[in-house]
Structure formats: C-alpha cells, structure tokens
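So this one's work.cif, mmCIF, C-alpha atoms and all ligand atoms:
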```
data_coords
#
loop_
_atom_site.label_atom_id
_atom_site.label_comp_id
_atom_site.auth_asym_id
_atom_site.auth_seq_id
_atom_site.Cartn_x
_atom_site.Cartn_y
_atom_site.Cartn_z
CA MET A 166 0.00 0.00 0.00
CA ALA A 167 2.82 2.38 0.88
CA GLU A 168 4.23 2.17 -2.62
CA ARG A 169 0.89 2.99 -4.18
CA ASP A 170 0.40 5.90 -1.81
CA GLY A 171 3.80 7.29 -2.73
CA ARG A 172 3.00 7.25 -6.42
CA ALA A 173 -0.36 8.90 -5.82
CA ALA A 174 1.27 11.70 -3.89
CA GLU A 175 3.88 12.33 -6.59
CA GLY A 176 1.32 12.32 -9.38
CA GLY A 177 -1.25 14.38 -7.56
CA ALA A 178 -1.39 17.36 -9.90
CA PRO A 179 -5.07 18.04 -10.57
CA GLU A 180 -4.85 18.52 -14.32
CA GLY A 181 -5.36 16.29 -17.28
CA ALA A 182 -3.43 18.55 -19.61
CA GLY A 183 0.20 18.83 -18.64
CA GLY A 184 -0.33 17.62 -15.10
CA GLY A 185 1.49 14.33 -15.41
CA LEU A 186 -1.66 12.22 -15.20
CA ALA A 187 -2.49 12.17 -18.88
CA ASP A 188 -1.73 8.46 -19.12
CA ILE A 189 -4.95 7.50 -17.35
CA ARG A 190 -8.24 7.51 -19.21
CA ILE A 191 -11.03 7.68 -16.67
CA THR A 192 -14.44 6.29 -17.52
CA ASN A 193 -17.17 7.69 -15.30
CA CYS A 194 -19.70 4.84 -15.49
CA HIS A 195 -22.69 6.74 -14.11
CA VAL A 196 -23.82 10.22 -15.13
CA HIS A 197 -27.16 11.78 -16.06
CA LEU A 198 -27.81 14.47 -18.61
CA PHE A 199 -31.60 14.49 -18.75
CA THR A 200 -33.26 17.85 -18.25
CA ALA A 201 -36.47 19.48 -17.09
CA ARG A 202 -37.99 18.71 -20.46
CA HIS A 203 -37.72 14.99 -19.67
CA VAL A 204 -39.52 15.34 -16.33
CA PRO A 205 -43.33 15.51 -16.15
CA ARG A 206 -44.68 18.95 -15.28
CA ALA A 207 -46.59 17.44 -12.41
CA TYR A 208 -43.62 15.65 -10.82
CA PRO A 209 -43.41 15.04 -7.93
CA HIS A 210 -46.64 16.85 -7.09
CA PRO A 211 -48.91 18.97 -9.29
CA ALA A 212 -48.85 21.78 -6.73
CA LEU A 213 -45.12 22.14 -7.26
CA ALA A 214 -45.23 22.27 -11.05
CA TRP A 215 -45.22 26.07 -11.18
CA ILE A 216 -42.18 26.37 -8.95
CA ARG A 217 -39.93 24.75 -11.54
CA ARG A 218 -40.02 27.90 -13.58
CA VAL A 219 -38.40 29.82 -10.74
CA PRO A 220 -35.21 27.93 -9.81
CA GLY A 221 -33.87 30.67 -7.47
CA LEU A 222 -37.00 30.35 -5.42
CA ILE A 223 -36.62 26.58 -5.37
CA THR A 224 -33.06 26.77 -4.04
CA GLY A 225 -34.24 29.08 -1.27
CA ALA A 226 -37.17 26.82 -0.47
CA ALA A 227 -34.86 23.80 -0.42
CA GLY A 228 -32.58 25.54 2.09
CA LEU A 229 -35.55 26.39 4.28
CA ALA A 230 -36.89 22.85 4.12
CA ARG A 231 -33.47 21.44 5.03
CA ALA A 232 -33.11 23.87 7.91
CA ALA A 233 -36.53 22.79 9.16
CA GLY A 234 -35.50 19.14 9.06
CA PHE A 235 -37.49 18.10 6.01
CA GLU A 236 -34.55 16.34 4.41
CA GLU A 237 -36.49 14.44 1.81
CA GLY A 238 -38.55 17.47 0.88
CA ALA A 239 -35.41 19.55 0.64
CA ALA A 240 -33.73 16.97 -1.55
CA ARG A 241 -36.74 16.91 -3.84
CA LEU A 242 -36.84 20.67 -4.11
CA SER A 243 -33.12 20.78 -4.80
CA ARG A 244 -33.52 18.24 -7.56
CA LEU A 245 -36.31 20.30 -9.04
CA GLY A 246 -34.09 23.33 -8.95
CA ARG A 247 -31.36 21.52 -10.85
CA PHE A 248 -33.82 20.14 -13.36
CA ALA A 249 -35.17 23.63 -13.96
CA ALA A 250 -31.73 25.19 -14.27
CA ALA A 251 -30.51 22.41 -16.55
CA GLY A 252 -33.57 22.63 -18.75
CA ARG A 253 -33.04 26.32 -19.29
CA ALA A 254 -29.31 25.88 -19.81
CA GLY A 255 -29.69 24.28 -23.22
CA GLY A 256 -30.29 20.56 -22.86
CA GLN A 257 -28.07 17.53 -22.46
CA ARG A 258 -25.17 19.16 -24.29
CA ALA A 259 -24.96 21.96 -21.73
CA ILE A 260 -25.02 19.53 -18.81
CA LEU A 261 -22.28 17.48 -20.44
CA ALA A 262 -20.18 20.62 -20.83
CA ALA A 263 -20.59 21.27 -17.10
CA ILE A 264 -19.42 17.80 -16.13
CA GLU A 265 -16.51 17.75 -18.58
CA ARG A 266 -14.98 20.69 -16.72
CA GLN A 267 -14.72 18.53 -13.60
CA TYR A 268 -12.53 15.81 -15.16
CA PRO A 269 -9.23 15.42 -17.02
CA ALA A 270 -9.47 15.89 -20.78
CA GLY A 271 -10.40 12.66 -22.53
CA THR A 272 -12.51 11.29 -19.67
CA ARG A 273 -15.42 9.19 -20.95
CA PHE A 274 -18.94 9.29 -19.55
CA VAL A 275 -21.56 6.54 -19.50
CA VAL A 276 -24.80 8.50 -19.86
CA LEU A 277 -27.94 7.02 -18.29
CA PRO A 278 -31.33 8.33 -19.44
CA MET A 279 -34.58 7.95 -17.51
CA ASP A 280 -38.17 7.53 -18.67
CA LEU A 281 -39.98 9.72 -16.16
CA GLY A 282 -42.81 10.38 -18.59
CA GLY A 283 -44.30 6.94 -18.00
CA ILE A 284 -44.46 6.63 -14.22
CA GLY A 285 -47.93 7.99 -13.54
CA HIS A 286 -47.14 11.69 -13.17
CA GLY A 287 -48.21 12.61 -16.68
CA PRO A 288 -46.13 12.94 -19.85
CA ALA A 289 -42.88 14.88 -20.10
CA GLU A 290 -42.44 17.66 -22.65
CA ARG A 291 -39.95 15.44 -24.49
CA ASP A 292 -40.63 11.71 -24.54
CA LEU A 293 -38.08 8.93 -24.14
CA ARG A 294 -37.53 8.57 -27.87
CA ALA A 295 -36.61 12.25 -28.11
CA GLN A 296 -34.32 11.91 -25.09
CA HIS A 297 -32.55 8.94 -26.71
CA ASP A 298 -32.25 10.81 -30.02
CA GLU A 299 -30.72 13.87 -28.37
CA LEU A 300 -28.24 11.64 -26.54
CA ALA A 301 -27.38 9.85 -29.77
CA ARG A 302 -26.59 13.17 -31.49
CA LEU A 303 -24.33 14.10 -28.59
CA ALA A 304 -22.53 10.74 -28.75
CA ARG A 305 -21.98 11.10 -32.51
CA ASP A 306 -20.71 14.68 -32.26
CA PRO A 307 -17.13 14.52 -33.60
CA ARG A 308 -16.08 17.25 -31.16
CA ARG A 309 -16.91 14.87 -28.32
CA GLY A 310 -14.49 12.32 -29.75
CA GLY A 311 -16.26 9.22 -28.45
CA ARG A 312 -16.30 10.49 -24.88
CA VAL A 313 -20.05 9.93 -24.54
CA ILE A 314 -21.10 6.30 -24.07
CA PRO A 315 -24.89 6.24 -24.44
CA PHE A 316 -27.14 3.75 -22.65
CA ALA A 317 -30.83 3.16 -23.40
CA THR A 318 -33.57 2.75 -20.84
CA LEU A 319 -37.09 1.34 -20.75
CA LEU A 320 -40.18 0.80 -18.65
CA PRO A 321 -40.95 -2.84 -19.49
CA ASP A 322 -44.72 -2.38 -19.22
CA ARG A 323 -44.86 0.38 -21.85
CA PRO A 324 -45.95 -0.72 -25.32
CA GLY A 325 -43.07 -0.61 -27.77
CA ALA A 326 -40.45 -0.43 -25.01
CA VAL A 327 -38.35 -3.33 -26.33
CA ALA A 328 -38.51 -2.06 -29.91
CA GLU A 329 -37.18 1.30 -28.70
CA VAL A 330 -34.22 -0.42 -26.98
CA ARG A 331 -33.45 -2.29 -30.20
CA ARG A 332 -33.64 0.93 -32.18
CA CYS A 333 -31.18 2.55 -29.77
CA VAL A 334 -28.71 -0.32 -30.09
CA GLU A 335 -29.06 -1.21 -33.76
CA ASP A 336 -29.72 2.21 -35.32
CA LEU A 337 -28.13 4.60 -32.84
CA GLY A 338 -25.18 2.52 -31.58
CA PHE A 339 -26.05 2.58 -27.87
CA ARG A 340 -23.75 0.53 -25.66
CA GLY A 341 -25.84 -0.70 -22.71
CA LEU A 342 -29.07 -0.60 -20.74
CA LYS A 343 -30.16 1.38 -17.67
CA LEU A 344 -32.84 -0.03 -15.33
CA TYR A 345 -34.60 1.74 -12.47
CA PRO A 346 -36.90 -0.75 -10.68
CA ARG A 347 -38.20 1.88 -8.21
CA LEU A 348 -40.20 3.34 -11.08
CA GLY A 349 -42.46 0.31 -10.95
CA TYR A 350 -41.12 -3.09 -11.99
CA PRO A 351 -39.10 -6.00 -10.59
CA PRO A 352 -35.76 -6.88 -12.24
CA ASP A 353 -37.21 -10.27 -13.21
CA HIS A 354 -40.17 -8.70 -15.03
CA PRO A 355 -41.31 -11.17 -17.74
CA VAL A 356 -40.50 -8.78 -20.60
CA LEU A 357 -36.97 -8.31 -19.28
CA MET A 358 -36.45 -12.03 -18.74
CA ALA A 359 -37.93 -13.17 -22.05
CA GLU A 360 -36.71 -10.45 -24.41
CA VAL A 361 -34.38 -7.84 -22.98
CA TYR A 362 -31.73 -9.82 -21.07
CA PRO A 363 -31.31 -12.42 -23.84
CA TYR A 364 -30.89 -9.51 -26.26
CA CYS A 365 -28.25 -7.91 -24.00
CA VAL A 366 -26.34 -11.20 -23.78
CA ARG A 367 -26.46 -11.67 -27.57
CA HIS A 368 -25.18 -8.15 -28.19
CA GLY A 369 -22.71 -8.09 -25.29
CA LEU A 370 -24.46 -5.12 -23.66
CA PRO A 371 -23.91 -4.34 -19.97
CA VAL A 372 -26.84 -3.50 -17.68
CA ILE A 373 -26.81 -0.97 -14.84
CA SER A 374 -29.59 -0.85 -12.25
CA HIS A 375 -30.29 1.68 -9.52
CA CYS A 376 -29.56 -0.05 -6.18
CA SER A 377 -30.19 2.36 -3.33
CA ARG A 378 -33.14 3.05 -1.03
CA GLY A 379 -33.23 6.66 -2.21
CA GLY A 380 -34.37 8.06 -5.53
CA VAL A 381 -37.48 8.49 -7.61
CA ARG A 382 -40.49 6.20 -7.24
CA GLY A 383 -43.26 5.60 -9.72
CA ARG A 384 -46.69 6.83 -8.72
CA GLY A 385 -48.44 4.26 -6.53
CA VAL A 386 -45.23 2.34 -5.85
CA SER A 387 -44.86 1.99 -2.08
CA ARG A 388 -41.51 2.46 -0.44
CA ALA A 389 -41.52 -1.20 0.62
CA GLU A 390 -42.24 -2.33 -2.93
CA ALA A 391 -39.59 -0.04 -4.37
CA ASP A 392 -37.04 -1.39 -1.88
CA ARG A 393 -37.99 -4.99 -2.63
CA TRP A 394 -37.42 -4.45 -6.37
CA SER A 395 -34.20 -2.48 -5.86
CA ALA A 396 -32.58 -4.90 -3.38
CA PRO A 397 -29.47 -6.79 -4.58
CA GLN A 398 -31.30 -10.07 -3.91
CA ALA A 399 -33.99 -9.11 -6.44
CA PHE A 400 -31.37 -9.70 -9.13
CA VAL A 401 -30.61 -13.28 -8.09
CA PRO A 402 -33.14 -14.82 -10.54
CA VAL A 403 -31.68 -12.64 -13.32
CA LEU A 404 -28.06 -13.50 -12.54
CA ASP A 405 -28.94 -17.19 -12.23
CA ALA A 406 -30.74 -17.25 -15.57
CA PHE A 407 -28.11 -15.17 -17.42
CA PRO A 408 -24.64 -15.87 -16.00
CA GLY A 409 -23.10 -14.21 -19.06
CA LEU A 410 -24.90 -10.90 -18.42
CA ARG A 411 -22.76 -8.10 -16.94
CA VAL A 412 -24.91 -6.35 -14.30
CA CYS A 413 -23.82 -3.34 -12.27
CA LEU A 414 -25.84 -2.68 -9.12
CA ALA A 415 -25.30 1.07 -8.89
CA HIS A 416 -24.49 3.12 -5.79
CA PHE A 417 -22.98 0.10 -3.96
CA GLY A 418 -26.25 -0.28 -2.04
CA GLY A 419 -26.66 3.42 -1.27
CA GLN A 420 -25.76 5.93 1.42
CA ALA A 421 -28.32 4.80 4.00
CA ASP A 422 -26.96 1.27 4.08
CA TRP A 423 -23.35 2.48 4.11
CA ARG A 424 -24.15 4.78 7.01
CA ALA A 425 -25.87 1.97 8.92
CA TYR A 426 -22.85 -0.26 8.32
CA VAL A 427 -20.34 2.40 9.36
CA GLU A 428 -22.23 3.76 12.37
CA ASP A 429 -24.21 0.80 13.72
CA GLY A 430 -22.10 -2.15 12.59
CA LEU A 431 -23.42 -5.71 12.41
CA SER A 432 -24.62 -7.94 15.22
CA PRO A 433 -22.55 -11.11 15.65
CA ASP A 434 -25.72 -12.83 16.89
CA ASP A 435 -27.76 -12.20 13.74
CA PRO A 436 -26.00 -13.49 10.61
CA ALA A 437 -28.99 -12.46 8.48
CA GLU A 438 -28.45 -8.79 9.37
CA GLY A 439 -25.77 -8.53 6.69
CA GLU A 440 -28.23 -9.72 4.08
CA ARG A 441 -30.54 -6.83 4.95
CA ASN A 442 -27.74 -4.31 4.48
CA TRP A 443 -27.41 -3.81 0.73
CA GLN A 444 -23.76 -2.77 0.86
CA VAL A 445 -22.86 -5.98 2.71
CA ALA A 446 -25.16 -8.06 0.50
CA ILE A 447 -23.51 -6.76 -2.68
CA ARG A 448 -20.02 -7.54 -1.38
CA ARG A 449 -21.09 -11.01 -0.33
CA MET A 450 -22.71 -11.70 -3.68
CA ILE A 451 -19.70 -10.48 -5.67
CA THR A 452 -17.22 -12.52 -3.64
CA ALA A 453 -19.39 -15.65 -3.21
CA GLY A 454 -17.97 -18.88 -4.62
CA ASP A 455 -19.99 -21.49 -6.47
CA GLY A 456 -18.45 -24.38 -4.55
CA ARG A 457 -16.50 -25.57 -7.60
CA GLY A 458 -13.75 -22.97 -7.61
CA GLY A 459 -15.77 -20.48 -9.67
CA ARG A 460 -18.03 -17.60 -8.78
CA ARG A 461 -21.67 -17.79 -7.78
CA PHE A 462 -22.45 -14.54 -9.69
CA PRO A 463 -19.72 -14.11 -12.32
CA GLY A 464 -21.49 -11.17 -14.02
CA LEU A 465 -22.11 -9.00 -10.95
CA TRP A 466 -20.53 -5.52 -10.58
CA THR A 467 -21.18 -2.41 -8.51
CA ASP A 468 -20.37 1.30 -8.76
CA VAL A 469 -19.51 3.91 -6.14
CA SER A 470 -21.68 6.68 -7.61
CA TYR A 471 -23.28 9.19 -5.27
CA THR A 472 -22.37 7.09 -2.24
CA LEU A 473 -18.75 8.23 -2.39
CA PHE A 474 -19.89 11.79 -1.77
CA GLU A 475 -19.91 10.93 1.92
CA PHE A 476 -16.29 10.42 1.18
CA GLU A 477 -14.58 11.25 4.45
CA GLU A 478 -16.70 8.75 6.32
CA PHE A 479 -16.85 5.96 3.78
CA VAL A 480 -13.63 5.88 1.82
CA PRO A 481 -11.50 4.08 4.46
CA PHE A 482 -14.04 1.26 4.30
CA LEU A 483 -14.03 1.25 0.52
CA ARG A 484 -10.26 1.06 0.50
CA LEU A 485 -10.30 -1.88 2.89
CA PHE A 486 -12.98 -3.68 0.85
CA LEU A 487 -10.85 -3.24 -2.26
CA GLU A 488 -8.05 -5.21 -0.63
CA ASP A 489 -10.08 -8.20 -1.78
CA ALA A 490 -8.91 -8.90 -5.32
CA ARG A 491 -12.27 -10.15 -6.53
CA LEU A 492 -14.07 -7.07 -5.26
CA ALA A 493 -11.37 -4.76 -6.63
CA GLY A 494 -12.04 -6.26 -10.05
CA ARG A 495 -15.78 -5.63 -9.84
CA VAL A 496 -16.10 -2.05 -8.57
CA LEU A 497 -16.64 0.75 -11.10
CA PHE A 498 -15.96 4.45 -10.76
CA GLY A 499 -19.09 6.56 -11.28
CA SER A 500 -20.36 9.80 -9.80
CA ASP A 501 -24.10 10.22 -10.47
CA PHE A 502 -23.58 13.75 -11.80
CA TYR A 503 -25.72 15.89 -11.67
CA MET A 504 -27.49 14.45 -8.64
CA THR A 505 -24.31 15.49 -6.84
CA ARG A 506 -24.54 19.18 -7.68
CA LEU A 507 -25.60 20.39 -4.26
CA GLU A 508 -23.18 18.33 -2.22
CA ARG A 509 -20.62 20.23 -0.18
CA LEU A 510 -17.64 19.27 -2.33
CA SER A 511 -17.40 19.56 -6.08
CA GLU A 512 -17.23 16.40 -8.10
CA ARG A 513 -13.70 17.33 -9.05
CA ALA A 514 -12.67 17.64 -5.41
CA VAL A 515 -14.21 14.30 -4.47
CA CYS A 516 -12.67 12.54 -7.44
CA PHE A 517 -9.16 13.68 -6.54
CA ARG A 518 -9.56 12.91 -2.85
CA LEU A 519 -10.74 9.44 -3.76
CA ARG A 520 -7.81 8.99 -6.08
CA VAL A 521 -5.25 9.98 -3.47
CA ALA A 522 -6.95 7.92 -0.75
CA LEU A 523 -7.16 4.75 -2.81
CA GLY A 524 -3.74 5.15 -4.35
CA GLU A 525 -2.98 5.26 -8.04
CA ALA A 526 -3.14 1.52 -8.73
CA LEU A 527 -6.55 0.94 -7.15
CA PHE A 528 -7.99 4.14 -8.58
CA ARG A 529 -6.78 3.19 -12.02
CA GLN A 530 -8.37 -0.21 -11.63
CA ILE A 531 -11.85 1.08 -10.76
CA ALA A 532 -11.75 4.11 -13.07
CA GLU A 533 -9.95 2.77 -16.13
CA THR A 534 -9.46 -1.02 -16.20
CA ASN A 535 -12.75 -2.25 -14.74
CA PRO A 536 -15.00 0.02 -16.84
CA ARG A 537 -13.38 -1.31 -20.02
CA ALA A 538 -14.12 -4.88 -18.95
CA TRP A 539 -17.68 -4.08 -17.88
CA LEU A 540 -18.37 -2.29 -21.15
CA GLY A 541 -17.11 -5.33 -23.02
CA GLU A 542 -14.14 -3.52 -24.55
CA GLU A 543 -11.69 -6.16 -23.43
CA PRO A 544 -11.96 -9.78 -22.34
CA LEU A 545 -12.96 -10.38 -18.76
CA ALA A 546 -10.08 -12.76 -18.20
CA ALA A 547 -7.64 -9.88 -18.49
CA THR A 548 -9.07 -8.12 -15.46
CA GLY A 549 -10.46 -8.94 -12.07
CA ARG A 550 -7.09 -9.01 -10.35
CA ALA A 551 -6.15 -6.23 -8.01
CA ALA A 552 -2.58 -5.00 -7.98
CA ALA A 553 -2.62 -5.59 -4.24
CA PRO A 554 -2.47 -9.12 -2.89
CA ALA A 555 -5.77 -10.43 -1.63
CA ALA A 556 -6.16 -9.71 2.03
CA ALA A 557 -8.75 -10.77 4.54
CA LEU A 558 -11.99 -8.93 3.92
CA ALA A 559 -13.33 -6.73 6.68
CA ALA A 560 -15.81 -8.30 9.05
CA GLY A 561 -19.21 -8.79 7.43
ZN ZN A 601 -28.00 7.81 -11.01
#
```
What does this structure look like when you write it as structure tokens?
Amino acid sequence: MAERDGRAAEGGAPEGAGGGLADIRITNCHVHLFTARHVPRAYPHPALAWIRRVPGLITGAAGLARAAGFEEGAARLSRLGRFAAAGRAGGQRAILAAIERQYPAGTRFVVLPMDLGGIGHGPAERDLRAQHDELARLARDPRRGGRVIPFATLLPDRPGAVAEVRRCVEDLGFRGLKLYPRLGYPPDHPVLMAEVYPYCVRHGLPVISHCSRGGVRGRGVSRAEADRWSAPQAFVPVLDAFPGLRVCLAHFGGQADWRAYVEDGLSPDDPAEGERNWQVAIRRMITAGDGRGGRRFPGLWTDVSYTLFEFEEFVPFLRLFLEDARLAGRVLFGSDFYMTRLERLSERAVCFRLRVALGEALFRQIAETNPRAWLGEEPLAATGRAAAPAAALAAG
C-alpha cells in the first residue's frame, strides 16, 4: 500500500493537460444528462409544477426545508431546482459541458437516461424517444471524440419499449441498458427475462440498475415495494438465468446502508443482518464462490456513484474492501452527476480525494481497467485481479 500511496502523492497534480496524469483515461460509469424537459410537469406533485419555472426560489425553499428538518422534501426541491436550471441551460449538451470541466481531458462518460414520462405523473415535454435521439446526437458529435457512451432505458410495461431499446442499439449505436426498478417493476419482469436480457447477452451489452433506497419512485409504488425491487437479492433470478450478463448494481447499495454499516455495525448474533444491508449483501454476492472454484455470480458488478460523496466517512471502508482482489475487479468508478450538484464538495474535489486515498493503482483499476471490462471492450479474463495481494476482507 505504501508504494501505491507514494506514487499517488507524486502524481497528484489536478490537471489532465500537462499535469502528469495524462496516461490515465477515466471512464465515469454513471452520469445523467436528462433535463427538465424529460420530467413531467406534475412531478413530484402537481402543486409544485409552477415552482420549476423559478429555480432561485426553489433553491431558497430547499434551504428552508433542510433547515426545518425536512430532508427528503429539501432533496426533492433541490432536484427540481437543478432540473429547472438544466432545462433552461440548453439541454443535455450543456449539462455534459458542465461535467466535462470537472474531469481530465479525454474522460469518458456513460450517460444514463430515464423515462420519467411513464411513471404515472403525466407525460414529459420530451418523450423517451426524443431523449434517446438527443443523446445519440451528442454521442456522434465529432467534437466529443467518443467520450459519450450512451445507454438506453425502458419501462418494461410500456408498449413498444423493447422495440425502442433495439432501435437505440441497432440504429443509434447505444452501448448498454439502464434499469430503475423503483419506477415500478421488478428486475425479473417477464419482458426483461424473455426479451431484454437475452438480447443484452447476444449483443454483449452491460446493464446498470439503480440499487439504493433513495431516488425516484413511480406513482403508486410503495416504499416497501420499491425497496424490494431495488434490493441486490432481487437480481438473483436474473443472474442465475443469465450468468453471461454483466450487471452493475449502482451506488454500492446506497448511502443509507453504508451509514448503517459504518455507524451501527453488524450484530454477531444475527448473521442475516448482513443480508438486509445492501452494501454488505452486494459484497457477499460479488465474492461468493460457487463451490466448484468459480463464482456464484460471475457477471455482478457495482459502482460507487453518489455514495462516495460521503467520502470522508466511507472511503477508508471502501479502500479496505478493495483489498479483496475479486471485489477490486468488480467495482466501477461513477459519480451520479448531476445528482451530486448540491453536495458540499465539487465532483472534481471528491474525485481527486478518492484517487489519493485509494492510491494510483486501485484508482486506475476502478476508473480505467474495470470500466473497459464491464463495457465489453476487453476480455474479462484480463481483469479482475487487483494489484494488491488479496487480504482478509473486513468483518461482514
Ligand atoms: Zn443515477
């Protein structure tokens, strides 16, 4: 570890151009560019629709709500403020320009759309097809030089949803699929199992699925239902049926479960407690053996997006977890921009702190090597080994 730390300290100049770090090509595996035009006017509540036109007011209201202890309300208002600002700022291209400033030149971004126009809050100004088309234009823009890696999304119950995914892949050159079960479907939805996952396996497309207790819910979806569909265990039938599918459970289980793990720990008297903590469950699933020298879930990955923004608290744990070679080969760097806009530290600041804390070798593995394997750009056999020797995993 000391050697890695030394290299990180020497190469710590925060610039892509001329800063000595130009030899690393970061892939941020989790960003969003969708705008106010892709969000229903009536989301999350019709009474709030008008407020979106006045983002300054929203920011003030969010601050008030936070001060008064209404954390969830504040978070919602803040999101609305960002949506409104982003929508006025000129679409997905403008948001991309904002995120590119935060990273070294040449950094690639996996862009994840969302279909919020089909979750019971009324239609969005621009439908999913238009959102996909705009993203495709951005990805093809020669000035972007292949730095945008577009993913498609779908709500499996919507008519024509599978055809739209095929159009994205076959006509527009999209590279993977984004799922968001909290919007109203289980990961083993019959349409996904019968049509979408087999298609992804045939075309070598990775899947990423929101795996955190926070986030948007479809109208009429209870919190308990949303959690049941988002839980790591909900993917077991999928992973069992499609061992060749590369699935990333995003957010490494989410901030709430990380906080519970860090602050409350695990009871030695209740072995099942770890299963209920999504961060622990993901680690266990990734490292589980199949009893024959292989892996129980060979296609399972996770990303550190959003969750790493509680950096100071969580990163020592992340670093310890990554001492396990299997885990180190299955964790992806991602940020969840622009959900991170109102956090205390900029994305740039968090990214560099993470890099120094993990050391250059581990950071390179999660930000450069692993994303290439997950995206299918190089054979899996070439990765999955940490530079560090495997060490005993932390308790739990
Ligand atoms: Zn996200």
How big is the axis-aligned box around all listed atoms of stretch 399-403 of chain A once 4 Å goes on each side, and where's its centre, in Å to one decimal, as JSON?
```
{"center_x": -32.3, "center_y": -12.0, "center_z": -9.9, "size_x": 11.4, "size_y": 13.7, "size_z": 14.9}
```
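Here atom CA of A:Leu492 stands at a distance of 28.7 Å from atom CA of A:Glu390.
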(message) as a PyMOL selection string, please: every protein or nucleic acid residue near ligand ZN 601 (chain A) (cut-off 7 Å, counting all atoms listed in the file).
(response) chain A and resi 195-197+375+501
Those selected residues, please, written with C-alpha atoms and delivered as a compact mmCIF listing (two decimals), in the coordinates of the input.
```txt
# COMPACT_ATOMS: atom_id res chain seq x y z
CA HIS A 195 -22.69 6.74 -14.11
CA VAL A 196 -23.82 10.22 -15.13
CA HIS A 197 -27.16 11.78 -16.06
CA HIS A 375 -30.29 1.68 -9.52
CA ASP A 501 -24.10 10.22 -10.47
```
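Nearest to A:Tyr268 of all the residues A:Asp429, A:Glu360, A:Glu512, A:Glu440 is A:Glu512, counting only C-alpha atoms.
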(message) Would you compute the distance between atom CA of A:Ala391 and atom CA of A:Gly349? Give it in Å to one decimal.
(response)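 Interatomic distance, atom CA of A:Ala391 to atom CA of A:Gly349: 7.2 Å.
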